$ cat my_file33.pdb   # PDB, C-alpha atoms
MODEL        1
ATOM      1  CA  MET A 629      19.469 198.928  87.311
ATOM      2  CA  ARG A 630      20.945 195.429  87.118
ATOM      3  CA  LYS A 631      20.341 194.928  90.811
ATOM      4  CA  ALA A 632      16.691 195.935  90.382
ATOM      5  CA  CYS A 633      16.224 193.467  87.477
ATOM      6  CA  LEU A 634      17.935 190.713  89.429
ATOM      7  CA  LEU A 635      15.707 191.428  92.438
ATOM      8  CA  CYS A 636      12.576 191.307  90.235
ATOM      9  CA  ALA A 637      13.681 188.003  88.676
ATOM     10  CA  LEU A 638      14.273 186.468  92.102
ATOM     11  CA  LEU A 639      10.883 187.648  93.355
ATOM     12  CA  LEU A 640       9.136 186.191  90.285
ATOM     13  CA  ALA A 641      10.951 182.890  90.725
ATOM     14  CA  ALA A 642       9.842 182.720  94.346
ATOM     15  CA  CYS A 643       6.201 183.188  93.317
ATOM     16  CA  THR A 644       6.244 180.526  90.586
ATOM     17  CA  PRO A 645       4.838 177.196  91.757
ATOM     18  CA  GLY A 646       7.213 174.280  91.651
ATOM     19  CA  PRO A 647       6.594 170.971  89.935
ATOM     20  CA  PRO A 648       3.613 169.033  91.233
ATOM     21  CA  GLY A 649       4.380 166.557  93.963
ATOM     22  CA  PRO A 650       3.028 163.043  94.192
ATOM     23  CA  PRO A 651      -0.742 162.900  94.551
ATOM     24  CA  GLY A 652      -2.174 162.327  97.992
ATOM     25  CA  PRO A 653      -4.055 159.117  98.779
ATOM     26  CA  TYR A 654      -7.426 160.656  97.885
ATOM     27  CA  GLY A 655      -6.616 163.680  95.745
ATOM     28  CA  GLY A 656      -4.870 162.017  92.801
ATOM     29  CA  ALA A 657      -6.737 162.387  89.544
ATOM     30  CA  ALA A 658      -5.156 159.440  87.757
ATOM     31  CA  PRO A 659      -7.141 156.581  86.262
ATOM     32  CA  SER A 660      -6.781 153.198  87.926
ATOM     33  CA  SER A 661      -6.367 149.970  86.040
ATOM     34  CA  VAL A 662      -7.065 146.334  86.778
ATOM     35  CA  PRO A 663      -6.485 143.137  84.757
ATOM     36  CA  MET A 664      -9.031 142.951  81.951
ATOM     37  CA  ALA A 665     -11.167 140.073  80.665
ATOM     38  CA  SER A 666     -10.800 138.860  77.088
ATOM     39  CA  PRO A 667     -12.540 140.789  74.285
ATOM     40  CA  GLY A 668     -14.901 137.804  73.848
ATOM     41  CA  GLN A 669     -15.954 137.904  77.514
ATOM     42  CA  ASP A 670     -16.442 141.683  77.263
ATOM     43  CA  ALA A 671     -18.651 141.309  74.175
ATOM     44  CA  ALA A 672     -20.658 138.436  75.710
ATOM     45  CA  GLY A 673     -21.405 140.414  78.864
ATOM     46  CA  LYS A 674     -22.571 143.393  76.821
ATOM     47  CA  GLN A 675     -25.364 141.235  75.361
ATOM     48  CA  PHE A 676     -27.140 141.436  78.767
ATOM     49  CA  ALA A 677     -28.318 137.831  78.476
ATOM     50  CA  ALA A 678     -30.806 136.487  80.984
ATOM     51  CA  PRO A 679     -29.203 134.793  83.993
ATOM     52  CA  PRO A 680     -29.259 131.004  84.339
ATOM     53  CA  TYR A 681     -32.639 129.591  85.370
ATOM     54  CA  GLY A 682     -33.513 130.410  88.989
ATOM     55  CA  GLN A 683     -30.765 133.028  89.412
ATOM     56  CA  ALA A 684     -30.329 136.797  89.161
ATOM     57  CA  ALA A 685     -27.534 138.659  87.348
ATOM     58  CA  LEU A 686     -25.825 141.659  88.890
ATOM     59  CA  TYR A 687     -23.657 144.089  86.949
ATOM     60  CA  PHE A 688     -21.176 146.300  88.807
ATOM     61  CA  PHE A 689     -19.647 149.267  86.984
ATOM     62  CA  ASN A 690     -17.341 152.186  87.747
ATOM     63  CA  PRO A 691     -18.144 155.101  85.396
ATOM     64  CA  THR A 692     -15.400 157.429  86.634
ATOM     65  CA  ASN A 693     -12.302 158.326  84.635
ATOM     66  CA  ALA A 694     -10.122 158.852  87.722
ATOM     67  CA  GLY A 695      -9.922 157.232  91.143
ATOM     68  CA  PRO A 696      -8.524 154.227  92.984
ATOM     69  CA  VAL A 697      -9.150 150.523  92.412
ATOM     70  CA  ILE A 698     -12.274 149.366  94.267
ATOM     71  CA  LYS A 699     -12.996 145.862  95.582
ATOM     72  CA  VAL A 700     -16.569 144.561  95.093
ATOM     73  CA  VAL A 701     -17.923 142.083  97.652
ATOM     74  CA  VAL A 702     -21.366 140.423  97.832
ATOM     75  CA  ASN A 703     -22.294 138.694 101.107
ATOM     76  CA  GLY A 704     -18.639 138.423 102.033
ATOM     77  CA  GLN A 705     -17.597 136.875  98.678
ATOM     78  CA  GLU A 706     -15.116 138.947  96.683
ATOM     79  CA  ILE A 707     -16.421 139.408  93.139
ATOM     80  CA  GLY A 708     -13.373 141.266  91.820
ATOM     81  CA  LEU A 709     -11.700 144.647  91.423
ATOM     82  CA  LEU A 710     -13.037 147.611  89.457
ATOM     83  CA  GLY A 711     -10.737 150.218  87.972
ATOM     84  CA  THR A 712     -11.918 153.368  86.269
ATOM     85  CA  GLY A 713     -14.205 152.677  83.313
ATOM     86  CA  THR A 714     -14.616 148.955  84.063
ATOM     87  CA  TRP A 715     -17.455 146.552  84.879
ATOM     88  CA  MET A 716     -18.173 142.976  86.054
ATOM     89  CA  ARG A 717     -21.145 140.585  86.063
ATOM     90  CA  ALA A 718     -21.987 137.850  88.560
ATOM     91  CA  GLU A 719     -24.994 135.548  89.092
ATOM     92  CA  PHE A 720     -26.615 134.782  92.434
ATOM     93  CA  ALA A 721     -29.459 132.713  93.853
ATOM     94  CA  PRO A 722     -32.534 134.708  94.860
ATOM     95  CA  GLY A 723     -32.702 136.263  98.303
ATOM     96  CA  GLU A 724     -31.218 139.021 100.413
ATOM     97  CA  ARG A 725     -27.760 140.196  99.361
ATOM     98  CA  THR A 726     -25.397 142.877 100.670
ATOM     99  CA  VAL A 727     -23.388 144.628  97.958
ATOM    100  CA  ARG A 728     -20.264 146.261  99.396
ATOM    101  CA  CYS A 729     -17.388 148.279  97.982
ATOM    102  CA  TRP A 730     -13.937 148.624  99.542
ATOM    103  CA  GLY A 731     -11.741 151.499  98.418
ATOM    104  CA  ALA A 732      -8.636 152.955 100.070
ATOM    105  CA  ASP A 733      -9.559 152.836 103.767
ATOM    106  CA  SER A 734     -13.353 152.930 103.455
ATOM    107  CA  SER A 735     -16.326 150.786 102.615
ATOM    108  CA  SER A 736     -19.976 151.294 101.824
ATOM    109  CA  ALA A 737     -22.833 148.828 101.381
ATOM    110  CA  ILE A 738     -26.468 148.447 100.401
ATOM    111  CA  SER A 739     -28.838 145.512 100.853
ATOM    112  CA  VAL A 740     -31.008 144.235  98.018
ATOM    113  CA  PHE A 741     -33.483 141.407  97.574
ATOM    114  CA  LEU A 742     -32.953 139.434  94.357
ATOM    115  CA  MET A 743     -35.687 137.706  92.398
ATOM    116  CA  PRO A 744     -35.118 134.889  89.864
ATOM    117  CA  GLY A 745     -34.503 136.156  86.335
ATOM    118  CA  GLU A 746     -33.617 139.712  87.376
ATOM    119  CA  ILE A 747     -30.789 141.733  85.880
ATOM    120  CA  ARG A 748     -29.719 144.647  88.125
ATOM    121  CA  PHE A 749     -27.018 147.279  87.891
ATOM    122  CA  PHE A 750     -24.851 148.857  90.593
ATOM    123  CA  GLU A 751     -22.719 151.957  90.131
ATOM    124  CA  ILE A 752     -19.622 151.656  92.302
ATOM    125  CA  GLN A 753     -17.150 154.502  92.454
ATOM    126  CA  MET A 754     -14.767 156.555  94.519
ATOM    127  CA  VAL A 755     -14.349 160.047  93.124
ATOM    128  CA  PRO A 756     -10.968 161.743  93.680
ATOM    129  CA  GLY A 757     -11.154 163.953  96.738
ATOM    130  CA  GLN A 758     -13.750 161.784  98.461
ATOM    131  CA  ARG A 759     -12.726 159.536 101.323
ATOM    132  CA  ALA A 760     -15.335 156.813 100.785
ATOM    133  CA  CYS A 761     -16.462 154.608  97.935
ATOM    134  CA  SER A 762     -20.165 154.530  97.099
ATOM    135  CA  VAL A 763     -22.600 151.842  95.966
ATOM    136  CA  MET A 764     -25.826 152.908  94.279
ATOM    137  CA  GLU A 765     -28.338 150.904  92.311
ATOM    138  CA  ALA A 766     -28.631 152.306  88.782
ATOM    139  CA  SER A 767     -31.616 152.241  86.451
ATOM    140  CA  PRO A 768     -31.456 149.621  83.682
ATOM    141  CA  ASP A 769     -30.826 152.338  81.066
ATOM    142  CA  ASP A 770     -28.035 153.987  83.068
ATOM    143  CA  GLY A 771     -26.559 150.602  83.952
ATOM    144  CA  ARG A 772     -26.489 149.374  80.367
ATOM    145  CA  SER A 773     -24.938 152.649  79.265
ATOM    146  CA  GLY A 774     -22.245 152.405  81.978
ATOM    147  CA  VAL A 775     -21.407 148.834  80.967
ATOM    148  CA  LEU A 776     -21.353 149.580  77.227
ATOM    149  CA  MET A 777     -18.954 152.494  77.758
ATOM    150  CA  GLY A 778     -16.521 150.420  79.851
ATOM    151  CA  GLY A 779     -14.364 147.346  79.558
ATOM    152  CA  ARG A 780     -14.920 144.092  81.431
ATOM    153  CA  ALA A 781     -12.592 143.609  84.388
ATOM    154  CA  PHE A 782     -11.061 140.157  84.887
ATOM    155  CA  GLN A 783     -12.746 138.122  87.615
ATOM    156  CA  GLY A 784     -10.319 135.537  88.942
ATOM    157  CA  GLN A 785     -12.868 133.038  90.212
TER     158      GLN A 785
ENDMDL
END

$ encode --input "my_file33.pdb" --output "structure tokens"
Amino acid sequence: MRKACLLCALLLAACTPGPPGPPGPYGGAAPSSVPMASPGQDAAGKQFAAPPYGQAALYFFNPTNAGPVIKVVVNGQEIGLLGTGTWMRAEFAPGERTVRCWGADSSSAISVFLMPGEIRFFEIQMVPGQRACSVMEASPDDGRSGVLMGGRAFQGQ
């Protein structure tokens, strides 16, 4: 009887999964963090003020709660890094612009034409399990909501 119980215990132990290993490069479900701007800068950006005369304002936000840090680049100029639940704002002269994200070993981009006085929003994310980051223009309502729910990432310019 003891041998049968011992055999059952060993079989159960063999079927029990072990502790989780380190997450893979794309499958980890951990939030990412980046240096954050001051509370005053966060509050100021959430006022959605008009851009300086003759320019357009672009907001970039990452609404996810898990995923890697993502680099945001506009026309080859690095704007900054987005972690999960973060956002940034930058102003640009009117004209054609390419908004690009870089995450892990991938990039994605869209082209937009900016008009003076515009405020536009771009959702930038890389969901765990996906191999590529994505850039999508968001509606003003969705963009404002994404910014208000996040914290402002530091932009070391």

$ closest_residue --input "my_file33.pdb" --among "A:Glu751, A:Glu719, A:Glu765, A:Asp770" --to "Asn690 (chain A)" --atoms "all atoms listed in the file"
A:Glu751

$ resolve_selection --input "my_file33.pdb" --expression "the PyMOL selection byres ((chain A and resi 734-750) around 9)" --output "PDB file with C-alpha atoms, in the frame of the given file"
ATOM      1  CA  PHE A 676     -27.140 141.436  78.767  1.00  0.00           C
ATOM      2  CA  ALA A 677     -28.318 137.831  78.476  1.00  0.00           C
ATOM      3  CA  ALA A 678     -30.806 136.487  80.984  1.00  0.00           C
ATOM      4  CA  PRO A 679     -29.203 134.793  83.993  1.00  0.00           C
ATOM      5  CA  PRO A 680     -29.259 131.004  84.339  1.00  0.00           C
ATOM      6  CA  TYR A 681     -32.639 129.591  85.370  1.00  0.00           C
ATOM      7  CA  GLY A 682     -33.513 130.410  88.989  1.00  0.00           C
ATOM      8  CA  GLN A 683     -30.765 133.028  89.412  1.00  0.00           C
ATOM      9  CA  ALA A 684     -30.329 136.797  89.161  1.00  0.00           C
ATOM     10  CA  ALA A 685     -27.534 138.659  87.348  1.00  0.00           C
ATOM     11  CA  LEU A 686     -25.825 141.659  88.890  1.00  0.00           C
ATOM     12  CA  TYR A 687     -23.657 144.089  86.949  1.00  0.00           C
ATOM     13  CA  PHE A 688     -21.176 146.300  88.807  1.00  0.00           C
ATOM     14  CA  PHE A 689     -19.647 149.267  86.984  1.00  0.00           C
ATOM     15  CA  ASN A 690     -17.341 152.186  87.747  1.00  0.00           C
ATOM     16  CA  PHE A 720     -26.615 134.782  92.434  1.00  0.00           C
ATOM     17  CA  ALA A 721     -29.459 132.713  93.853  1.00  0.00           C
ATOM     18  CA  PRO A 722     -32.534 134.708  94.860  1.00  0.00           C
ATOM     19  CA  GLY A 723     -32.702 136.263  98.303  1.00  0.00           C
ATOM     20  CA  GLU A 724     -31.218 139.021 100.413  1.00  0.00           C
ATOM     21  CA  ARG A 725     -27.760 140.196  99.361  1.00  0.00           C
ATOM     22  CA  THR A 726     -25.397 142.877 100.670  1.00  0.00           C
ATOM     23  CA  VAL A 727     -23.388 144.628  97.958  1.00  0.00           C
ATOM     24  CA  ARG A 728     -20.264 146.261  99.396  1.00  0.00           C
ATOM     25  CA  CYS A 729     -17.388 148.279  97.982  1.00  0.00           C
ATOM     26  CA  TRP A 730     -13.937 148.624  99.542  1.00  0.00           C
ATOM     27  CA  GLY A 731     -11.741 151.499  98.418  1.00  0.00           C
ATOM     28  CA  ALA A 732      -8.636 152.955 100.070  1.00  0.00           C
ATOM     29  CA  ASP A 733      -9.559 152.836 103.767  1.00  0.00           C
ATOM     30  CA  GLU A 751     -22.719 151.957  90.131  1.00  0.00           C
ATOM     31  CA  ILE A 752     -19.622 151.656  92.302  1.00  0.00           C
ATOM     32  CA  ARG A 759     -12.726 159.536 101.323  1.00  0.00           C
ATOM     33  CA  ALA A 760     -15.335 156.813 100.785  1.00  0.00           C
ATOM     34  CA  CYS A 761     -16.462 154.608  97.935  1.00  0.00           C
ATOM     35  CA  SER A 762     -20.165 154.530  97.099  1.00  0.00           C
ATOM     36  CA  VAL A 763     -22.600 151.842  95.966  1.00  0.00           C
ATOM     37  CA  MET A 764     -25.826 152.908  94.279  1.00  0.00           C
ATOM     38  CA  GLU A 765     -28.338 150.904  92.311  1.00  0.00           C
ATOM     39  CA  ALA A 766     -28.631 152.306  88.782  1.00  0.00           C
ATOM     40  CA  SER A 767     -31.616 152.241  86.451  1.00  0.00           C
ATOM     41  CA  PRO A 768     -31.456 149.621  83.682  1.00  0.00           C
ATOM     42  CA  ASP A 770     -28.035 153.987  83.068  1.00  0.00           C
ATOM     43  CA  GLY A 771     -26.559 150.602  83.952  1.00  0.00           C
ATOM     44  CA  ARG A 772     -26.489 149.374  80.367  1.00  0.00           C
TER      45      ARG A 772
END

$ atom_distance --input "my_file33.pdb" --atom1 "CA of Ala672 (chain A)" --atom2 "CA of Thr692 (chain A)"
22.5 Å

$ atom_distance --input "my_file33.pdb" --atom1 "CA of Ala718 (chain A)" --atom2 "CA of Gly757 (chain A)"
29.4 Å

$ closest_residue --input "my_file33.pdb" --among "A:Asp769, A:Asn703, A:Pro756, A:Val697" --to "Pro663 (chain A)" --atoms "only C-alpha atoms"
A:Val697

$ atom_distance --input "my_file33.pdb" --atom1 "CA of Gly713 (chain A)" --atom2 "CA of Gly779 (chain A)"
6.5 Å

$ closest_residue --input "my_file33.pdb" --among "A:Gln758, A:Gly695, A:Gly673, A:Val662" --to "Ala781 (chain A)" --atoms "only C-alpha atoms"
A:Val662

$ closest_residue --input "my_file33.pdb" --among "A:Thr712, A:Ser773, A:Gln783, A:Gln675" --to "Val755 (chain A)" --atoms "only C-alpha atoms"
A:Thr712

$ resolve_selection --input "my_file33.pdb" --expression "the PyMOL selection byres ((chain A and resi 706) around 10)" --output "ChimeraX atom specification"
/A:699-705,707-709,728-729,783-785

$ write_last_selection --input "my_file33.pdb" --atoms "C-alpha atoms" --output "short mmCIF file (atom, residue, chain, number, x, y, z; two decimals), in the frame of the given file"
data_model
loop_
_atom_site.label_atom_id
_atom_site.label_comp_id
_atom_site.auth_asym_id
_atom_site.auth_seq_id
_atom_site.Cartn_x
_atom_site.Cartn_y
_atom_site.Cartn_z
CA LYS A 699 -13.00 145.86 95.58
CA VAL A 700 -16.57 144.56 95.09
CA VAL A 701 -17.92 142.08 97.65
CA VAL A 702 -21.37 140.42 97.83
CA ASN A 703 -22.29 138.69 101.11
CA GLY A 704 -18.64 138.42 102.03
CA GLN A 705 -17.60 136.88 98.68
CA ILE A 707 -16.42 139.41 93.14
CA GLY A 708 -13.37 141.27 91.82
CA LEU A 709 -11.70 144.65 91.42
CA ARG A 728 -20.26 146.26 99.40
CA CYS A 729 -17.39 148.28 97.98
CA GLN A 783 -12.75 138.12 87.62
CA GLY A 784 -10.32 135.54 88.94
CA GLN A 785 -12.87 133.04 90.21
#

$ axis_aligned_box --input "my_file33.pdb" --around "region 713-716 of chain A" --padding-each-side "8 Å" --output "AutoDock Vina command-line options"
--center_x -16.2 --center_y 147.8 --center_z 84.7 --size_x 20.0 --size_y 25.7 --size_z 18.7

$ decode --input "my_file33.pdb" --residues "region 668-679 of chain A" --atoms "C-alpha atoms" --output "short mmCIF file (atom, residue, chain, number, x, y, z; two decimals), in the first residue's frame"
data_model
loop_
_atom_site.label_atom_id
_atom_site.label_comp_id
_atom_site.auth_asym_id
_atom_site.auth_seq_id
_atom_site.Cartn_x
_atom_site.Cartn_y
_atom_site.Cartn_z
CA GLY A 668 3.35 70.10 -13.19
CA GLN A 669 4.32 69.11 -16.74
CA ASP A 670 1.80 66.24 -16.63
CA ALA A 671 -0.99 68.59 -15.50
CA ALA A 672 -0.06 71.25 -18.09
CA GLY A 673 -0.15 68.75 -20.95
CA LYS A 674 -3.56 67.49 -19.85
CA GLN A 675 -5.00 70.97 -20.48
CA PHE A 676 -4.70 70.29 -24.25
CA ALA A 677 -3.68 73.89 -24.92
CA ALA A 678 -3.45 75.12 -28.49
CA PRO A 679 0.01 74.78 -30.03
#
